[in-house]
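Chemist: Pasting final-v4.txt below, which is compact mmCIF, C-alpha atoms.
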```txt
# COMPACT_ATOMS: atom_id res chain seq x y z
CA MET A 1 34.81 23.73 33.23
CA ALA A 2 32.27 22.45 35.77
CA LEU A 3 32.78 23.31 39.44
CA ALA A 4 33.08 20.86 42.28
CA ALA A 5 29.84 19.43 43.61
CA GLY A 6 28.21 21.66 46.18
CA THR A 7 29.68 24.92 44.77
CA ALA A 8 27.84 27.50 42.70
CA SER A 9 28.14 27.86 38.96
CA ALA A 10 26.51 30.45 36.70
CA PHE A 11 25.30 31.09 33.17
CA PHE A 12 23.93 34.07 31.27
CA ILE A 13 20.35 34.65 30.12
CA GLY A 14 20.51 37.88 28.13
CA GLU A 15 22.35 40.27 30.46
CA ARG A 16 21.27 38.51 33.68
CA VAL A 17 23.64 36.17 35.52
CA VAL A 18 21.77 33.25 37.03
CA GLN A 19 23.54 31.62 39.99
CA MET A 20 23.17 27.85 40.06
CA PRO A 21 23.92 26.03 43.35
CA SER A 22 24.43 22.38 42.39
CA LYS A 23 25.07 19.26 44.38
CA VAL A 24 25.50 15.49 44.56
CA ARG A 25 23.64 13.71 47.38
CA LYS A 26 24.22 10.10 48.47
CA ARG A 27 20.89 8.25 48.82
CA GLY A 28 21.93 4.63 49.35
CA ALA A 29 24.85 2.27 49.21
CA ASP A 30 25.45 2.92 45.50
CA SER A 31 22.71 5.46 44.71
CA TYR A 32 23.22 9.22 44.24
CA LEU A 33 20.83 12.11 43.53
CA LEU A 34 22.18 14.73 41.12
CA THR A 35 20.56 18.20 41.38
CA VAL A 36 21.25 21.10 39.02
CA SER A 37 19.57 24.47 39.52
CA ILE A 38 18.37 26.15 36.33
CA GLY A 39 17.50 29.48 37.94
CA TYR A 40 14.25 30.97 39.20
CA ASP A 41 10.80 31.48 37.78
CA GLY A 42 8.89 34.77 37.66
CA LEU A 43 7.78 34.30 41.31
CA GLY A 44 11.34 33.81 42.56
CA ARG A 45 11.01 30.04 43.03
CA GLN A 46 14.08 27.97 42.31
CA GLN A 47 13.84 25.58 39.38
CA VAL A 48 15.92 22.38 39.33
CA GLU A 49 16.63 19.33 37.21
CA THR A 50 17.34 16.05 39.03
CA LYS A 51 18.62 12.64 38.14
CA THR A 52 19.24 9.49 40.21
CA ILE A 53 22.26 7.36 39.24
CA LYS A 54 24.12 4.27 40.35
CA ALA A 55 27.81 4.86 41.23
CA SER A 56 30.41 2.91 43.16
CA SER A 57 31.86 6.03 44.84
CA MET A 58 31.36 9.76 45.37
CA ARG A 59 34.19 10.44 42.92
CA GLU A 60 32.38 8.47 40.20
CA ALA A 61 29.11 10.25 41.08
CA GLN A 62 30.79 13.64 40.76
CA LYS A 63 32.04 12.74 37.28
CA ALA A 64 28.49 11.77 36.34
CA TYR A 65 27.27 15.04 37.82
CA TYR A 66 29.64 17.13 35.67
CA LYS A 67 28.27 15.46 32.55
CA PHE A 68 24.65 15.87 33.70
CA GLU A 69 25.25 19.54 34.59
CA ALA A 70 26.67 20.26 31.13
CA GLU A 71 23.73 18.54 29.45
CA VAL A 72 21.20 20.47 31.54
CA LEU A 73 22.83 23.87 31.07
CA GLN A 74 23.33 23.41 27.36
CA GLY A 75 19.76 22.28 26.94
CA GLN A 76 18.44 25.06 29.16
CA ALA A 77 20.37 27.73 27.26
CA GLY A 78 19.01 26.29 24.03
CA GLU A 79 15.46 26.44 25.36
CA VAL A 80 15.94 30.04 26.46
CA ARG A 81 17.09 30.94 22.95
CA LYS A 82 14.35 29.04 21.18
CA ASN A 83 11.58 30.51 23.36
CA ILE A 84 12.74 34.12 23.23
CA THR A 85 10.19 36.69 22.07
CA PHE A 86 10.64 38.96 19.07
CA LYS A 87 10.93 41.98 21.37
CA GLU A 88 13.59 40.32 23.54
CA PHE A 89 15.73 39.32 20.58
CA ALA A 90 15.29 42.73 18.93
CA ALA A 91 16.93 44.33 21.98
CA ILE A 92 19.84 41.86 21.82
CA TRP A 93 20.23 42.38 18.05
CA LEU A 94 20.31 46.17 18.35
CA LYS A 95 22.82 46.13 21.19
CA ASP A 96 25.22 43.38 20.13
CA HIS A 97 25.01 43.59 16.33
CA CYS A 98 23.64 46.92 15.07
CA ALA A 99 25.23 49.25 17.62
CA VAL A 100 28.76 48.03 16.79
CA ARG A 101 28.35 47.98 13.00
CA LEU A 102 25.94 50.68 11.87
CA ALA A 103 26.28 54.42 11.53
CA PRO A 104 24.40 56.38 14.23
CA LYS A 105 21.72 57.62 11.82
CA THR A 106 21.12 54.11 10.46
CA LEU A 107 20.86 52.75 13.99
CA ILE A 108 18.24 55.40 14.81
CA ASP A 109 16.30 54.49 11.64
CA TYR A 110 16.33 50.78 12.59
CA GLN A 111 15.12 51.60 16.10
CA LYS A 112 12.33 53.74 14.64
CA ILE A 113 11.18 50.95 12.33
CA LEU A 114 11.16 48.50 15.23
CA ASP A 115 9.26 50.86 17.54
CA GLN A 116 6.70 52.04 14.99
CA ARG A 117 6.21 49.05 12.70
CA LEU A 118 7.54 45.76 14.02
CA LEU A 119 7.24 45.66 17.81
CA PRO A 120 3.56 46.70 17.93
CA ARG A 121 2.73 43.85 15.52
CA LEU A 122 5.23 41.13 16.40
CA GLY A 123 6.85 42.10 19.71
CA HIS A 124 4.84 39.69 21.89
CA ARG A 125 5.31 36.70 19.56
CA PRO A 126 7.93 33.99 20.14
CA LEU A 127 10.62 34.68 17.56
CA ASN A 128 10.42 31.17 16.14
CA SER A 129 6.64 31.32 15.71
CA ILE A 130 6.69 34.07 13.09
CA SER A 131 5.86 32.67 9.67
CA GLY A 132 6.18 33.84 6.11
CA TYR A 133 2.42 34.43 6.12
CA ASP A 134 2.76 36.74 9.13
CA VAL A 135 5.35 38.78 7.25
CA GLN A 136 3.18 38.87 4.13
CA LEU A 137 0.22 40.24 6.12
CA LEU A 138 2.48 42.92 7.61
CA ILE A 139 3.79 43.93 4.17
CA ASN A 140 0.26 44.02 2.74
CA GLU A 141 -0.77 46.35 5.54
CA LEU A 142 2.19 48.67 4.90
CA LEU A 143 1.16 48.96 1.25
CA THR A 144 -2.18 50.56 2.15
CA PRO A 145 -2.68 54.34 2.54
CA THR A 146 -3.85 53.86 6.14
CA ALA A 147 -0.31 52.73 7.04
CA ARG A 148 0.97 56.30 6.80
CA LEU A 149 1.80 57.82 10.17
CA ASP A 150 2.14 61.40 8.91
CA ASN A 151 -1.49 61.70 7.70
CA ARG A 152 -0.21 63.10 4.40
CA ASP A 153 -2.36 62.60 1.34
CA LYS A 154 0.35 60.98 -0.76
CA PRO A 155 0.36 57.67 -2.64
CA VAL A 156 2.08 54.66 -1.11
CA THR A 157 5.17 53.82 -3.18
CA GLY A 158 6.36 50.75 -1.30
CA HIS A 159 9.61 52.29 -0.04
CA LEU A 160 8.52 51.91 3.59
CA ALA A 161 7.37 48.32 3.10
CA LYS A 162 10.68 47.44 1.46
CA LYS A 163 12.68 49.05 4.29
CA VAL A 164 10.68 47.21 6.95
CA TYR A 165 11.16 43.96 5.02
CA GLN A 166 14.92 44.55 4.80
CA VAL A 167 15.29 45.33 8.52
CA LEU A 168 13.20 42.30 9.50
CA SER A 169 15.13 40.01 7.16
CA ALA A 170 18.50 41.29 8.43
CA MET A 171 17.40 40.65 12.00
CA PHE A 172 16.31 37.07 11.27
CA ASN A 173 19.55 36.33 9.41
CA VAL A 174 21.49 37.21 12.56
CA ALA A 175 19.03 35.24 14.71
CA ILE A 176 19.78 32.14 12.63
CA LYS A 177 23.55 32.62 12.96
CA TRP A 178 23.20 33.01 16.74
CA ASP A 179 20.91 29.94 17.07
CA TYR A 180 17.87 31.93 18.14
CA ALA A 181 15.81 31.13 15.04
CA ASP A 182 15.52 28.13 12.74
CA SER A 183 14.66 30.01 9.56
CA ASN A 184 14.04 33.45 8.05
CA PRO A 185 10.31 33.95 7.29
CA CYS A 186 11.16 36.86 4.97
CA ALA A 187 12.89 34.41 2.62
CA LYS A 188 9.56 32.66 2.11
CA ILE A 189 7.81 35.61 0.46
CA ASP A 190 8.60 37.96 -2.40
CA PRO A 191 10.11 41.33 -1.42
CA PRO A 192 7.66 44.24 -1.82
CA LYS A 193 7.89 46.07 -5.11
CA VAL A 194 8.72 49.76 -5.13
CA ILE A 195 7.00 52.16 -7.50
CA LYS A 196 9.72 54.40 -8.89
CA ASN A 197 8.50 57.92 -9.42
CA ALA A 198 10.05 60.00 -12.17
CA ARG A 199 12.94 62.05 -10.81
CA PRO A 200 12.32 65.72 -11.61
CA ILE A 201 15.20 67.71 -13.03
CA MET A 202 15.70 71.25 -14.25
CA GLU A 203 15.40 71.35 -17.99
CA ARG A 204 17.92 73.47 -19.90
CA ASP A 205 15.96 76.73 -20.22
CA GLU A 206 14.83 76.70 -16.59
CA LEU A 207 18.34 75.76 -15.43
CA MET A 208 19.87 78.75 -17.19
CA LEU A 209 17.30 81.02 -15.56
CA ALA A 210 17.94 79.47 -12.14
CA LEU A 211 21.70 80.01 -12.49
CA GLU A 212 21.06 83.69 -13.11
CA TYR A 213 18.53 83.97 -10.29
CA SER A 214 20.98 82.37 -7.86
CA LYS A 215 23.31 85.34 -8.29
CA GLN A 216 20.68 87.46 -6.55
CA GLU A 217 20.81 85.20 -3.47
CA GLY A 218 24.26 86.28 -2.33
CA THR A 219 27.61 84.55 -2.80
CA PHE A 220 26.92 81.91 -0.13
CA PHE A 221 23.81 80.38 -1.75
CA CYS A 222 24.92 81.18 -5.29
CA THR A 223 28.07 79.10 -4.75
CA ILE A 224 26.06 76.25 -3.23
CA PHE A 225 23.67 76.19 -6.19
CA HIS A 226 26.46 76.19 -8.76
CA LEU A 227 28.36 73.50 -6.84
CA ALA A 228 25.29 71.26 -6.72
CA ILE A 229 24.71 71.59 -10.46
CA PHE A 230 28.30 71.28 -11.65
CA SER A 231 29.67 68.70 -9.20
CA GLY A 232 26.68 66.44 -8.45
CA LEU A 233 27.42 66.40 -4.72
CA ARG A 234 24.72 65.18 -2.37
CA ILE A 235 23.21 67.68 0.05
CA GLY A 236 25.04 66.07 3.00
CA GLU A 237 28.32 66.18 1.08
CA ILE A 238 27.89 69.90 0.42
CA CYS A 239 27.15 70.61 4.09
CA GLY A 240 30.12 68.42 5.10
CA LEU A 241 32.64 70.05 2.74
CA GLN A 242 35.70 71.59 4.41
CA TRP A 243 38.25 74.00 2.97
CA VAL A 244 41.01 71.38 3.31
CA ASP A 245 39.02 69.26 0.84
CA ILE A 246 39.45 71.80 -1.97
CA ASN A 247 42.57 71.93 -4.12
CA PHE A 248 42.37 75.32 -5.78
CA GLU A 249 45.58 74.92 -7.75
CA ASP A 250 44.62 71.67 -9.46
CA GLN A 251 40.90 72.52 -9.40
CA TYR A 252 39.29 69.56 -7.66
CA ILE A 253 37.60 68.66 -4.42
CA VAL A 254 37.87 65.52 -2.31
CA VAL A 255 34.59 64.18 -0.99
CA ALA A 256 35.74 62.96 2.41
CA HIS A 257 32.76 63.55 4.69
CA THR A 258 29.03 63.95 4.75
CA ALA A 259 27.08 65.99 7.28
CA GLN A 260 24.39 64.22 9.25
CA TYR A 261 22.06 65.24 12.07
CA ILE A 262 21.90 62.84 15.02
CA PRO A 263 19.24 63.50 17.69
CA GLY A 264 21.00 64.18 20.97
CA SER A 265 24.35 64.81 19.25
CA GLY A 266 23.50 67.51 16.71
CA ASN A 267 25.18 67.86 13.31
CA ILE A 268 28.22 65.64 12.83
CA LEU A 269 30.63 64.69 10.05
CA LYS A 270 30.81 61.05 9.02
CA ASP A 271 32.51 59.06 6.31
CA PRO A 272 30.57 58.49 3.07
CA LYS A 273 28.44 55.35 3.29
CA SER A 274 30.45 53.53 0.60
CA ASP A 275 33.95 53.43 -0.84
CA ALA A 276 32.56 54.84 -4.09
CA GLY A 277 31.33 57.86 -2.11
CA LYS A 278 34.94 58.79 -1.28
CA ARG A 279 36.04 60.42 -4.52
CA MET A 280 37.74 63.31 -6.29
CA VAL A 281 35.59 65.63 -8.37
CA SER A 282 37.17 68.02 -10.86
CA LEU A 283 35.81 71.56 -10.93
CA PRO A 284 35.31 73.92 -13.86
CA GLY A 285 37.33 77.12 -13.66
CA PHE A 286 34.34 79.43 -13.12
CA LEU A 287 33.29 77.37 -10.07
CA VAL A 288 36.81 77.58 -8.60
CA GLN A 289 36.65 81.37 -8.93
CA LEU A 290 33.24 81.44 -7.27
CA LEU A 291 34.56 79.34 -4.36
CA LEU A 292 37.53 81.70 -3.95
CA LEU A 293 35.19 84.69 -3.82
CA HIS A 294 33.06 82.93 -1.22
CA LYS A 295 36.18 82.13 0.84
CA GLU A 296 37.25 85.76 0.75
CA GLU A 297 33.83 86.92 1.94
CA GLN A 298 33.79 84.27 4.67
CA GLN A 299 37.16 85.46 5.96
CA TYR A 300 35.85 89.02 6.21
CA TYR A 301 32.76 87.77 8.02
CA LYS A 302 34.86 85.69 10.47
CA GLU A 303 36.92 88.75 11.41
CA HIS A 304 33.71 90.69 12.01
CA MET A 305 32.29 87.91 14.23
CA GLY A 306 35.40 87.67 16.42
CA THR A 307 34.98 85.30 19.38
CA LYS A 308 31.41 84.45 18.31
CA TRP A 309 32.84 82.45 15.39
CA HIS A 310 33.42 78.74 16.09
CA GLU A 311 36.00 77.66 13.54
CA GLN A 312 35.48 74.15 12.15
CA GLY A 313 36.90 74.70 8.68
CA MET A 314 33.50 74.35 6.98
CA VAL A 315 33.01 75.74 3.48
CA PHE A 316 29.30 76.35 4.05
CA PRO A 317 28.83 76.71 7.82
CA THR A 318 26.11 78.18 10.00
CA TRP A 319 26.28 81.90 10.80
CA GLU A 320 28.63 81.07 13.68
CA GLY A 321 30.93 78.67 11.81
CA GLU A 322 29.48 75.28 12.75
CA ILE A 323 28.23 72.39 10.60
CA LEU A 324 25.17 73.36 8.56
CA HIS A 325 22.00 71.27 8.89
CA THR A 326 20.91 69.77 5.55
CA ASN A 327 17.37 71.01 6.22
CA THR A 328 18.67 74.57 5.88
CA LEU A 329 19.59 73.98 2.23
CA TYR A 330 16.44 71.97 1.56
CA HIS A 331 14.16 74.75 2.78
CA TRP A 332 16.21 77.50 1.13
CA PHE A 333 15.81 75.77 -2.24
CA GLN A 334 12.06 75.36 -1.74
CA ASP A 335 11.80 79.09 -1.05
CA PHE A 336 14.11 79.82 -4.01
CA CYS A 337 11.87 77.91 -6.43
CA ALA A 338 8.74 79.65 -5.10
CA LYS A 339 10.36 83.09 -5.17
CA TYR A 340 11.37 82.86 -8.84
CA ASN A 341 8.39 80.78 -10.00
CA LEU A 342 10.53 77.74 -10.83
CA THR A 343 9.26 74.17 -10.94
CA LYS A 344 8.93 72.89 -7.38
CA MET A 345 11.34 70.04 -6.68
CA PRO A 346 13.54 68.81 -3.80
CA PHE A 347 17.16 69.91 -3.44
CA HIS A 348 18.23 66.37 -4.39
CA SER A 349 16.87 67.03 -7.89
CA LEU A 350 19.89 69.27 -8.46
CA ARG A 351 22.05 66.15 -8.19
CA HIS A 352 19.87 64.42 -10.79
CA THR A 353 20.16 67.50 -12.96
CA ALA A 354 23.96 67.32 -12.62
CA GLY A 355 24.07 63.66 -13.68
CA THR A 356 21.77 64.26 -16.62
CA LEU A 357 23.77 67.30 -17.70
CA ALA A 358 27.03 65.31 -17.65
CA LEU A 359 25.52 62.65 -19.92
CA ALA A 360 23.98 65.29 -22.19
CA LEU A 361 27.41 66.89 -22.59
CA GLY A 362 28.63 63.58 -24.02
CA GLU A 363 30.39 62.04 -21.02
CA ASP A 364 30.44 58.25 -20.80
CA ALA A 365 28.47 56.43 -18.08
CA ASN A 366 31.55 55.09 -16.25
CA THR A 367 33.04 58.57 -15.79
CA VAL A 368 29.69 59.96 -14.65
CA ALA A 369 29.32 57.06 -12.20
CA LYS A 370 32.66 57.86 -10.55
CA ARG A 371 31.86 61.56 -10.43
CA MET A 372 28.47 60.95 -8.81
CA GLY A 373 29.85 58.44 -6.31
CA HIS A 374 27.89 55.47 -7.67
CA SER A 375 29.24 51.98 -7.10
CA ASP A 376 29.20 51.25 -10.85
CA ALA A 377 27.81 52.49 -14.14
CA THR A 378 24.76 50.23 -13.80
CA VAL A 379 23.48 52.40 -10.96
CA THR A 380 24.02 55.50 -13.10
CA MET A 381 22.16 54.01 -16.04
CA ASN A 382 19.27 52.87 -13.82
CA ILE A 383 18.83 56.46 -12.63
CA TYR A 384 19.55 58.45 -15.79
CA GLY A 385 19.22 55.83 -18.53
CA HIS A 386 15.84 57.12 -19.74
CA TYR A 387 17.44 60.45 -20.60
CA MET A 388 20.05 58.67 -22.69
CA SER A 389 17.30 56.60 -24.30
CA ALA A 390 15.63 59.81 -25.47
CA ALA A 391 18.88 60.97 -27.05
CA ASP A 392 19.34 57.56 -28.66
CA ARG A 393 15.78 57.73 -30.08
CA ALA A 394 16.57 61.14 -31.58
CA LEU A 395 19.66 59.66 -33.23
CA ALA A 396 17.56 56.84 -34.74
CA ASN A 397 15.12 59.42 -36.13
CA LYS A 398 18.02 61.28 -37.75
CA MET A 399 19.09 58.01 -39.38
CA ASP A 400 15.57 57.69 -40.81
CA GLN A 401 15.85 61.17 -42.28
CA PHE A 402 19.28 60.39 -43.69
CA VAL A 403 18.07 57.30 -45.57
CA ASN A 404 14.71 58.72 -46.66
CA ASN A 405 16.35 61.88 -48.01
CA ASN A 406 18.97 59.98 -50.02
CA GLY A 407 21.81 60.97 -47.74
CA GLU A 408 20.73 64.53 -47.28
CA LEU A 409 20.47 65.88 -43.68
```
Output the file's structure in the form of structure tokens.
Modeler:
Amino acid sequence: MALAAGTASAFFIGERVVQMPSKVRKRGADSYLLTVSIGYDGLGRQQVETKTIKASSMREAQKAYYKFEAEVLQGQAGEVRKNITFKEFAAIWLKDHCAVRLAPKTLIDYQKILDQRLLPRLGHRPLNSISGYDVQLLINELLTPTARLDNRDKPVTGHLAKKVYQVLSAMFNVAIKWDYADSNPCAKIDPPKVIKNARPIMERDELMLALEYSKQEGTFFCTIFHLAIFSGLRIGEICGLQWVDINFEDQYIVVAHTAQYIPGSGNILKDPKSDAGKRMVSLPGFLVQLLLLHKEEQQYYKEHMGTKWHEQGMVFPTWEGEILHTNTLYHWFQDFCAKYNLTKMPFHSLRHTAGTLALALGEDANTVAKRMGHSDATVTMNIYGHYMSAADRALANKMDQFVNNNGEL
């Protein structure tokens, strides 16, 4: 509601409150000057909007002033929004949208993309001036080898370009909803294509060797390796596993958390990123026995550590009982492969090996999808479908043999 003439009102520009002394001044018998302050410029000079009206009394002039004030403030706020720079809106978007909705790690990733990729290129531009062509030029640049910031001699797959495109598009969608932008320039171009590299897995003979080699790594890492292969858990889910999540009697685990490193906060436990990620995974008997052996050894170790042990209930903790960093498992597996002359691959390949193994053992795609924490079987088939296609091709070849040999196999 507008204030009485001569008093101060206020409105917000970003996080700054701008005081607005306003007034109605009588100029003649039936003439009044209406003055509304719209804040101050960069040099501290007051900016005003004025209007001269005809009114039969001060009361009538004040009513006219209230209407004029509302029109000015609404228009001024609209102009502030429409003239905001990309950098200014990015700060608002991160604070008022991302910070209250996104996981800490995702928020850090968004900030990194803004700082490294978007703000240097678009930060100075008025938000509404960015066109689809501007976005296309940015994407084209990200698809060149010179766009790498790590100086690694690796091919550009398009994953970075797609992520930047997604963050930029999400930001503009919110800008439209909040009346800061008229359209989303990302919607005017095609999303960047991602080159999908073949996902390496351990083939059967090498897997059997690796299972034997893991027994020479001690119970701790041996159990981790077997769990990765025969449960399909992600590396963060393994590091986030707690003893309360394991039902030894009924032989299953509940995937309730995932471990994640947050700069400034350290290793934390967070909920899985999707409802499908929260799941029960049945365990084979030999793996249950291996977990029980590991628990027994951990208990002995805890007693030996005494007050140096920080109990957090973790199945695979640090040497002092705290949440294990995922990098620890990643680097251990790299060293493991080198030590035993196994094919070099990332730890995540053990999850792909687990999914492939489940399909090779004859399990249907829907069951494998639930076990792996995929949203549906389509995701599973997109990842592992080529392995099933090979099996299907082999079946077709056997049909050829059956017919050509008059029913003989």
Chemist: Using only C-alpha atoms, what residues lie at most 12 Å away from (4.8, 38.7, 6.6) (file coordinates), given as a PyMOL selection string?
Modeler: chain A and resi 118+121-122+129-142+161-162+164-166+168-169+184-192
Chemist: For Gly373 (chain A), which residue among A:Ala99, A:Met208, A:Ala276, A:Ala64 is the nearest when counting all atoms listed in the file?
Modeler: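 Using all atoms listed in the file, the shortest distance to Gly373 (chain A) belongs to A:Ala276.
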Chemist: From the set A:Met280, A:Cys98, A:Ala70, A:Met372, which residue has the shortest atom-to-atom contact distance to Leu233 (chain A), counting only C-alpha atoms?
Modeler: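 Closest to Leu233 (chain A) of all the choices is A:Met372.
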Chemist: Which residues, written as a PyMOL selection string, have at least one atom at most 10 Å from Trp319 (chain A), with all atoms listed in the file counted and residues fewer than 5 positions away on the same chain left out?
Modeler: chain A and resi 298+301-302+305+308-310+324
Chemist: One decimal, in Å: what's the spacing between CA of Met202 (chain A) and CA of Gln334 (chain A)?
Modeler: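 Computing the Euclidean distance for CA of Met202 (chain A) and CA of Gln334 (chain A) yields 13.7 Å.
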Chemist: What does the structure give for the distance between CA of Gly240 (chain A) and CA of Met314 (chain A), in Å to one decimal?
Modeler: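 The value is 7.1 Å.
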Chemist: Measuring between all atoms listed in the file, which one of A:His331, A:Lys339, A:Arg351, A:His325 shows the shortest distance to Arg234 (chain A)?
Modeler: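 Looking at the shortest contact to Arg234 (chain A), the residue is A:Arg351.
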Chemist: Rounded to one decimal in Å, what is the spacing between CA of Gly266 (chain A) and CA of Asp115 (chain A)?
Modeler: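 Taking CA of Gly266 (chain A) as the start and CA of Asp115 (chain A) as the end point, the length is 21.9 Å.
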Chemist: Of the residues A:Leu342, A:Leu291, A:Leu119, A:Leu359, which is the one nearest to Asn247 (chain A), using only C-alpha atoms?
Modeler: A:Leu291
Chemist: Pick out the residues sitting within 9 Å of Phe248 (chain A), and hand them over as a CSV table (one decimal) with C-alpha atoms, keeping the file's coordinate frame; count only C-alpha atoms, and ignore anything fewer than 2 positions along from it in its own chain.
Modeler:
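After the write, around_20.csv holds the following:
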```csv
chain,number,residue,atom,x,y,z
A,246,ILE,CA,39.4,71.8,-2.0
A,250,ASP,CA,44.6,71.7,-9.5
A,251,GLN,CA,40.9,72.5,-9.4
A,252,TYR,CA,39.3,69.6,-7.7
A,253,ILE,CA,37.6,68.7,-4.4
A,288,VAL,CA,36.8,77.6,-8.6
A,289,GLN,CA,36.6,81.4,-8.9
A,291,LEU,CA,34.6,79.3,-4.4
A,292,LEU,CA,37.5,81.7,-4.0
```
Chemist: Show me as JSON, numbers by chain the residues that reach within 8 Å of (17.2, 82.4, 1.2), counting only C-alpha atoms and using the file's own coordinates.
Modeler: {"A": [217, 221, 332, 333, 335, 336]}
Chemist: Check the smallest atom-to-atom distance from each of A:Ile92, A:Ile108, A:Leu102, A:Leu207 to Trp178 (chain A) using only C-alpha atoms, then report the winner.
Modeler: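 Checking each candidate against Trp178 (chain A), we get A:Ile92 as the closest.
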Chemist: Just checking: using all atoms listed in the file, which residue out of A:Glu296, A:Lys370, A:Lys105, A:Gln74 ends up closest to Asp275 (chain A)?
Modeler: A:Lys370
Chemist: Quick one: what's the axis-aligned box for region 64-69 of chain A, all listed atoms, 4 Å on every side, centre and edges in Å to one decimal, as AutoDock Vina command-line options?
Modeler:
```
--center_x 27.1 --center_y 15.7 --center_z 35.2 --size_x 13.0 --size_y 15.8 --size_z 13.3
```
Chemist: For Met58 (chain A), work out the shell of residues within 9 Å, counting only C-alpha atoms and skipping chain neighbours fewer than 4 positions away, then give it as a compact mmCIF listing (two decimals) with C-alpha atoms, in the coordinates of the input.
Modeler:
```txt
# COMPACT_ATOMS: atom_id res chain seq x y z
CA VAL A 24 25.50 15.49 44.56
CA ARG A 25 23.64 13.71 47.38
CA LYS A 26 24.22 10.10 48.47
CA TYR A 32 23.22 9.22 44.24
CA GLN A 62 30.79 13.64 40.76
CA LYS A 63 32.04 12.74 37.28
```
Chemist: Report the closest atom pair, with its distance in Å rounded to one decimal, for each residue of region 144-180 of chain A that has an atom no farther than 6 Å from region 193-201 of chain A; count only C-alpha atoms, sort by chain and then rising residue number, and write it as CSV.
Modeler:
```
residue,atom,partner,partner_atom,distance
A:Thr157,CA,A:Ile195,CA,5.0
A:Gly158,CA,A:Val194,CA,4.6
A:His159,CA,A:Val194,CA,5.8
```
